[in-house]
Amino acid sequence: MELLKMKTKIHQFDDFAGFAEQFQIGEKDLMLTNGFLYDPFIKPLDLKARMIMQEAYGTGEPTDIMMNAILKEALKAPFDRIIAVGGGTVLDIAKLLVLKGVTDVVDAFERKVPLKKGPQLIAVPTTCGTGSEVTNITIAELTTKQTKMGLADDLLLPDDAVLIPSLMVGLPYSFYLYSSVDALIHAVESYVSPKANVYTKAYSMKAIEMILKVYGELIEKGEEHRFEKLNEMAIASNLAGIAFGSAGVGAVHAMSYPLGGKYHVPHGEANYQFFTEVFRHYMKLKPQGEIEVLCEILSKSLKCKKESAFDELEIFLSKLLPKKPLKSYGMTSEEIDLFTERVITGQQRLLANNYVNFTEDDIRGIYSRLFG
C-alpha cells in the first residue's frame with residue numbers, strides 16, 4: 001500500500017532573481033506568467049526565455065478555449081522546460097503544456113489520447129491556495145459542458161516547486177482570502193478522505209493549524225498583517241497541496257464545480273460556499289470516526305467545544321469572508337436538480353473521496369439549503 005509519493009522537489013527563495021540564477025533560466029525555457037508579475041519581478045532580469053502572458057489569451061480561470069490558444073502558441077517553437085509563474089490558472093494551464101502530442105486539451109481531459117510526458121515543469125505559485133505546484137491535477141472549465149472537469153495523472157506532477165513568498169505581495173486581499181480558504185478546504189477534506197493515512201494527516205493537520213492561526217491574527221490586527229505572514233501562508237498552502245494530492249478531496253469540490261462552471265465563480269470562492277454545510281451534513285450522518293478527531297483539531301485552534309467546531313468555524317470565517325446565497329450568483333431554483341445530476345454523473349472521482357457516501361438526496365438538500 002503506497003502511503004505517500006513525493007516526486008516534486010520543493011525549493012524556496014527570497015526573490016525571483018535568486019531562483020532565476022540557480023535554475024539558470026535561458027533560451028531553451030518557455031515561461032508562462034502574467035504581465036503584472038512579469039513587469040516588476042521578471043523583466044528587470046532580462047532573461048532569454050520565451051515568454052507567454054496568460055491574460056493575452058483570456059481572463060479568469062482556465063477554460064478549454066484559453067488552454068488551446070496558449071497550447072497553439074507554445075508549440076510554435078521547441079522548449080526543454082516550462083516555467084509557470086502565477087496562480088492556479090497559470091499552473092493548471094502549464095500542466096497541459098508538458099503533454100506530448102496533445103493539440104486539443106479536451107481530448108486529454110476526456111482521455112481520448114494517450115498521455116505522454118514531454119518537457120520538465122517548474123511551478124512557481126504566486127497565490128496561497130491551490131497547492132497545484134505539488135499535485136498531479138489540472139482543472140478547467142469545459143465550455144461545451146458548462147462545468148469544470150479535473151484531469152489527474154502523475155505525468156502532470158511538476159518536477160520542481162519553487163516557493164517565493166514575496167511574489168504574493170501584490171495579491172489583492174479578497175484573492176488572498178479566497179485563495180487561502182481553498183487551501184484550508186484542501187487540508188480539511190483530505191484529512192477525512194478514505195485515502196488519508198498518518199502521513200497525509202500530518203500535512204493536513206499542520207496546514208489547518210497554520211491557516212487558522214494566521215486568520216485569527218488577521219481578525220485581530222487587520223488585513224495589512226497578511227504581509228507579515230506571507231511565508232507561513234505559502235508553506236501552509238504547499239502542505240495542504242501535498243495532503244490532498246495524495247488523499248484527494250470530496251463533496252465540497254464536487255458540488256462547487258457546476259456553480260463555478262456555469263457562473264464563472266472563482267474556484268476558492270465556489271468551494272467556500274459549500275465548505276461548512278457539507279461538513280455539518282457529515283456530522284449528521286456519521287459523527288463518530290475521523291471527523292471526531294478533526295473536530296478536536298479545529299476546537300483547539302478555535303478555542304471552542306469540539307461538538308460545535310463547524311458552527312464556530314462558520315462564525316470565525318464569516319468575520320473575514322461573509323457567505324453569499326447561491327442565488328446571488330444567478331443560480332435558479334430549477335438548477336438545484338440540474339447541478340445535483342451533474343455532480344452525480346460527472347464527479348464520481350471526487351465523491352469516492354467522501355467521508356461518507358452522499359446520496360442524490362443529500363446533494364440536493366445541500367444545494368437547497370444554500371440556495372437562499
# chains A, B, ... in the order shown; residues from 1 in each chain; ligands from 1
call {"tool": "closest_atom_pairs", "arguments": {"of": "stretch 127-160 of chain A", "to": "stretch 235-240 of chain A", "cutoff": "8 Å", "atoms": "only C-alpha atoms", "output": "CSV"}}
result
residue,atom,partner,partner_atom,distance
A:Cys128,CA,A:Ser237,CA,5.3
A:Gly129,CA,A:Ser237,CA,5.3
A:Thr130,CA,A:Ser237,CA,7.0
A:Gly131,CA,A:Asn238,CA,5.1
A:Glu133,CA,A:Asn238,CA,7.6
A:Val134,CA,A:Asn238,CA,7.1
call {"tool": "residues_around", "arguments": {"residues": "A:Gly248", "least_positions_apart": "3", "cutoff": "6 Å", "atoms": "only C-alpha atoms", "output": "ChimeraX atom specification"}}
result
/A:190,244-245
call {"tool": "atom_distance", "arguments": {"atom1": "atom CA of A:Tyr178", "atom2": "atom CA of A:Leu3"}}
result
29.7 Å
call {"tool": "atom_distance", "arguments": {"atom1": "atom CA of A:Phe316", "atom2": "atom CA of A:Lys213"}}
result
11.5 Å
call {"tool": "residues_around", "arguments": {"residues": "A:Leu156", "least_positions_apart": "5", "cutoff": "8 Å", "atoms": "only C-alpha atoms", "output": "MDAnalysis selection string"}}
result
chainID A and resid 95:96 98:99 117 135:138
call {"tool": "write_last_selection", "arguments": {"atoms": "N, CA and C atoms", "output": "short mmCIF file (atom, residue, chain, number, x, y, z; two decimals), in the first residue's frame"}}
result
data_model
loop_
_atom_site.label_atom_id
_atom_site.label_comp_id
_atom_site.auth_asym_id
_atom_site.auth_seq_id
_atom_site.Cartn_x
_atom_site.Cartn_y
_atom_site.Cartn_z
N LYS A 95 0.45 22.62 -16.87
CA LYS A 95 0.47 21.16 -16.77
C LYS A 95 0.05 20.49 -18.08
N LEU A 96 -0.82 21.14 -18.84
CA LEU A 96 -1.21 20.58 -20.13
C LEU A 96 -0.11 20.75 -21.17
N VAL A 98 2.98 20.17 -20.82
CA VAL A 98 4.03 19.16 -20.73
C VAL A 98 3.63 17.85 -21.42
N LEU A 99 2.40 17.77 -21.90
CA LEU A 99 1.94 16.54 -22.53
C LEU A 99 2.29 16.54 -24.02
N LYS A 117 4.61 12.27 -21.24
CA LYS A 117 5.32 13.43 -20.68
C LYS A 117 6.34 13.95 -21.68
N THR A 135 0.75 18.95 -6.95
CA THR A 135 -0.31 17.98 -7.24
C THR A 135 -0.27 17.53 -8.70
N ASN A 136 -0.92 16.41 -8.95
CA ASN A 136 -0.97 15.85 -10.31
C ASN A 136 -2.31 16.17 -10.98
N ILE A 137 -2.93 17.26 -10.56
CA ILE A 137 -4.28 17.58 -11.03
C ILE A 137 -4.29 18.92 -11.75
N THR A 138 -5.03 18.99 -12.85
CA THR A 138 -5.33 20.24 -13.50
C THR A 138 -6.84 20.33 -13.69
#
call {"tool": "atom_distance", "arguments": {"atom1": "atom CA of A:Pro325", "atom2": "atom CA of A:Glu307"}}
result
25.4 Å
call {"tool": "residues_around", "arguments": {"residues": "A:Glu209", "least_positions_apart": "2", "cutoff": "12 Å", "atoms": "only C-alpha atoms", "output": "VMD selection string"}}
result
chain A and resid 183 to 184 187 to 188 202 to 207 211 to 216 232 to 233 235 to 237 239 to 240 294 296 to 302
call {"tool": "write_last_selection", "arguments": {"atoms": "N, CA, C and O atoms", "output": "short mmCIF file (atom, residue, chain, number, x, y, z; two decimals), in the first residue's frame"}}
result
data_model
loop_
_atom_site.label_atom_id
_atom_site.label_comp_id
_atom_site.auth_asym_id
_atom_site.auth_seq_id
_atom_site.Cartn_x
_atom_site.Cartn_y
_atom_site.Cartn_z
N ALA A 183 -7.04 26.51 0.37
CA ALA A 183 -6.02 25.66 0.99
C ALA A 183 -6.55 25.01 2.26
O ALA A 183 -6.29 23.82 2.53
N LEU A 184 -7.29 25.78 3.06
CA LEU A 184 -7.89 25.23 4.27
C LEU A 184 -8.84 24.09 3.94
O LEU A 184 -8.85 23.04 4.59
N ALA A 187 -6.99 20.97 3.05
CA ALA A 187 -6.47 20.29 4.23
C ALA A 187 -7.58 19.55 4.99
O ALA A 187 -7.39 18.41 5.43
N VAL A 188 -8.73 20.18 5.15
CA VAL A 188 -9.83 19.59 5.92
C VAL A 188 -10.45 18.41 5.17
O VAL A 188 -10.68 17.34 5.75
N ALA A 202 -0.78 14.27 8.81
CA ALA A 202 0.19 15.16 9.45
C ALA A 202 0.32 16.46 8.66
O ALA A 202 0.36 17.56 9.24
N TYR A 203 0.37 16.35 7.33
CA TYR A 203 0.42 17.55 6.49
C TYR A 203 -0.87 18.36 6.61
O TYR A 203 -0.85 19.58 6.72
N SER A 204 -2.02 17.67 6.59
CA SER A 204 -3.31 18.34 6.72
C SER A 204 -3.40 19.10 8.04
O SER A 204 -3.81 20.27 8.08
N MET A 205 -3.05 18.41 9.13
CA MET A 205 -3.19 19.00 10.46
C MET A 205 -2.33 20.26 10.59
O MET A 205 -2.80 21.28 11.10
N LYS A 206 -1.09 20.20 10.11
CA LYS A 206 -0.21 21.36 10.21
C LYS A 206 -0.74 22.52 9.39
O LYS A 206 -0.72 23.68 9.82
N ALA A 207 -1.25 22.23 8.19
CA ALA A 207 -1.81 23.29 7.34
C ALA A 207 -3.01 23.95 8.00
O ALA A 207 -3.15 25.18 7.99
N ILE A 211 -3.08 27.95 9.00
CA ILE A 211 -4.02 28.87 8.34
C ILE A 211 -4.95 29.51 9.36
O ILE A 211 -5.18 30.73 9.33
N LEU A 212 -5.48 28.72 10.29
CA LEU A 212 -6.39 29.29 11.28
C LEU A 212 -5.66 30.26 12.21
O LEU A 212 -6.25 31.26 12.65
N LYS A 213 -4.40 30.00 12.49
CA LYS A 213 -3.62 30.93 13.32
C LYS A 213 -3.46 32.28 12.62
O LYS A 213 -3.66 33.34 13.22
N VAL A 214 -3.12 32.25 11.33
CA VAL A 214 -2.98 33.49 10.57
C VAL A 214 -4.32 34.21 10.48
O VAL A 214 -4.41 35.43 10.66
N TYR A 215 -5.40 33.46 10.24
CA TYR A 215 -6.73 34.08 10.17
C TYR A 215 -7.09 34.78 11.48
O TYR A 215 -7.65 35.88 11.48
N GLY A 216 -6.78 34.13 12.59
CA GLY A 216 -7.05 34.76 13.88
C GLY A 216 -6.31 36.07 14.05
O GLY A 216 -6.86 37.06 14.56
N GLU A 232 4.38 31.98 5.99
CA GLU A 232 3.54 30.97 6.65
C GLU A 232 2.43 30.49 5.73
O GLU A 232 2.15 29.29 5.64
N MET A 233 1.79 31.42 5.02
CA MET A 233 0.66 31.02 4.18
C MET A 233 1.13 30.27 2.93
O MET A 233 0.45 29.34 2.47
N ILE A 235 3.72 28.27 2.80
CA ILE A 235 4.05 26.92 3.26
C ILE A 235 2.79 26.13 3.61
O ILE A 235 2.66 24.95 3.26
N ALA A 236 1.82 26.77 4.26
CA ALA A 236 0.56 26.09 4.61
C ALA A 236 -0.16 25.61 3.36
O ALA A 236 -0.68 24.48 3.32
N SER A 237 -0.21 26.44 2.34
CA SER A 237 -0.83 26.05 1.08
C SER A 237 -0.12 24.86 0.46
O SER A 237 -0.75 23.93 -0.06
N LEU A 239 1.70 22.58 2.08
CA LEU A 239 1.42 21.40 2.91
C LEU A 239 0.05 20.82 2.59
O LEU A 239 -0.12 19.60 2.47
N ALA A 240 -0.95 21.70 2.44
CA ALA A 240 -2.30 21.25 2.10
C ALA A 240 -2.31 20.59 0.73
O ALA A 240 -3.01 19.59 0.50
N LEU A 294 -10.93 15.37 13.73
CA LEU A 294 -10.85 16.66 13.03
C LEU A 294 -11.48 17.77 13.86
O LEU A 294 -10.93 18.87 13.97
N GLU A 296 -11.70 17.90 17.00
CA GLU A 296 -10.81 18.20 18.13
C GLU A 296 -9.68 19.13 17.69
O GLU A 296 -9.32 20.07 18.42
N ILE A 297 -9.14 18.90 16.49
CA ILE A 297 -8.09 19.77 15.95
C ILE A 297 -8.63 21.19 15.77
O ILE A 297 -7.99 22.17 16.16
N LEU A 298 -9.82 21.29 15.18
CA LEU A 298 -10.43 22.60 14.95
C LEU A 298 -10.74 23.30 16.27
O LEU A 298 -10.54 24.51 16.42
N SER A 299 -11.24 22.55 17.24
CA SER A 299 -11.64 23.16 18.52
C SER A 299 -10.45 23.76 19.26
O SER A 299 -10.58 24.77 19.94
N LYS A 300 -9.27 23.15 19.11
CA LYS A 300 -8.08 23.69 19.77
C LYS A 300 -7.69 25.03 19.16
O LYS A 300 -7.31 25.96 19.87
N SER A 301 -7.79 25.13 17.83
CA SER A 301 -7.46 26.39 17.16
C SER A 301 -8.51 27.46 17.42
O SER A 301 -8.19 28.64 17.58
N LEU A 302 -9.78 27.04 17.45
CA LEU A 302 -10.88 28.00 17.60
C LEU A 302 -11.26 28.24 19.07
O LEU A 302 -12.09 29.11 19.35
#
call {"tool": "closest_residue", "arguments": {"among": "A:Ile344, A:Leu45, A:Leu4, A:Leu97", "to": "A:Gln24", "atoms": "only C-alpha atoms"}}
result
A:Leu45
call {"tool": "closest_residue", "arguments": {"among": "A:Thr33, A:Thr276, A:Asn271, A:Gln120", "to": "A:Ala84", "atoms": "only C-alpha atoms"}}
result
A:Thr33
call {"tool": "select_by_dssp", "arguments": {"residues": "stretch 103-328 of chain A", "states": "alpha helix (DSSP H)", "output": "number ranges by chain"}}
result
A: 105-109, 173-191, 198-221, 230-247, 251-263, 267-285, 290-302, 309-318
call {"tool": "residues_around", "arguments": {"residues": "A:Tyr263", "least_positions_apart": "4", "cutoff": "9 Å", "atoms": "only C-alpha atoms", "output": "ChimeraX atom specification"}}
result
/A:146,258-259,329-331
call {"tool": "select_by_dssp", "arguments": {"residues": "stretch 39-192 of chain A", "states": "strand (DSSP E or B)", "output": "ChimeraX atom specification"}}
result
/A:50-53,63,81-86,99,117,120-125,137-142,147-152,160-163
call {"tool": "closest_residue", "arguments": {"among": "A:Asp361, A:Glu141, A:Asp182, A:Glu220", "to": "A:His281", "atoms": "only C-alpha atoms"}}
result
A:Asp361
call {"tool": "closest_atom_pairs", "arguments": {"of": "stretch 228-279 of chain A", "to": "stretch 191-199 of chain A", "cutoff": "8 Å", "atoms": "only C-alpha atoms", "output": "tab-separated table"}}
result
residue	atom	partner	partner_atom	distance
A:Ala243	CA	A:Tyr191	CA	7.8
A:Ser246	CA	A:Lys195	CA	7.6
A:Ala247	CA	A:Lys195	CA	4.7
A:Gly248	CA	A:Ser193	CA	6.6
A:Val249	CA	A:Ser193	CA	6.8
A:Gly250	CA	A:Ser193	CA	7.4
call {"tool": "closest_residue", "arguments": {"among": "A:Val278, A:Leu370, A:Ala309, A:Leu350", "to": "A:Lys327", "atoms": "only C-alpha atoms"}}
result
A:Leu370
call {"tool": "closest_residue", "arguments": {"among": "A:Val265, A:Ala108, A:Ile93, A:Met53", "to": "A:Ile139", "atoms": "only C-alpha atoms"}}
result
A:Ile93
call {"tool": "closest_residue", "arguments": {"among": "A:Gln273, A:Val356, A:Leu75, A:Asp15", "to": "A:Ile291", "atoms": "only C-alpha atoms"}}
result
A:Val356
call {"tool": "residues_around", "arguments": {"residues": "A:Leu171", "least_positions_apart": "6", "cutoff": "10 Å", "atoms": "only C-alpha atoms", "output": "list of chain:residue names"}}
result
A:Gly87, A:Thr126, A:Thr127, A:Cys128, A:Leu177, A:Ser179
call {"tool": "write_last_selection", "arguments": {"atoms": "N, CA and C atoms", "output": "mmCIF file, in the first residue's frame"}}
result
data_model
loop_
_atom_site.group_PDB
_atom_site.id
_atom_site.type_symbol
_atom_site.label_atom_id
_atom_site.label_comp_id
_atom_site.auth_asym_id
_atom_site.auth_seq_id
_atom_site.Cartn_x
_atom_site.Cartn_y
_atom_site.Cartn_z
ATOM 1 N N GLY A 87 -0.743 32.074 -10.466
ATOM 2 C CA GLY A 87 -1.721 31.415 -9.611
ATOM 3 C C GLY A 87 -2.183 30.100 -10.202
ATOM 4 N N THR A 126 2.098 31.917 -7.060
ATOM 5 C CA THR A 126 2.081 33.302 -6.582
ATOM 6 C C THR A 126 0.812 33.610 -5.798
ATOM 7 N N THR A 127 0.043 32.562 -5.483
ATOM 8 C CA THR A 127 -1.097 32.681 -4.574
ATOM 9 C C THR A 127 -0.886 31.660 -3.461
ATOM 10 N N CYS A 128 -1.808 31.606 -2.521
ATOM 11 C CA CYS A 128 -1.607 30.717 -1.367
ATOM 12 C C CYS A 128 -2.796 29.793 -1.190
ATOM 13 N N LEU A 177 -7.730 35.910 0.519
ATOM 14 C CA LEU A 177 -8.635 35.175 1.402
ATOM 15 C C LEU A 177 -9.263 33.972 0.710
ATOM 16 N N SER A 179 -8.177 32.440 -1.868
ATOM 17 C CA SER A 179 -7.106 31.502 -2.184
ATOM 18 C C SER A 179 -6.751 30.666 -0.966
#
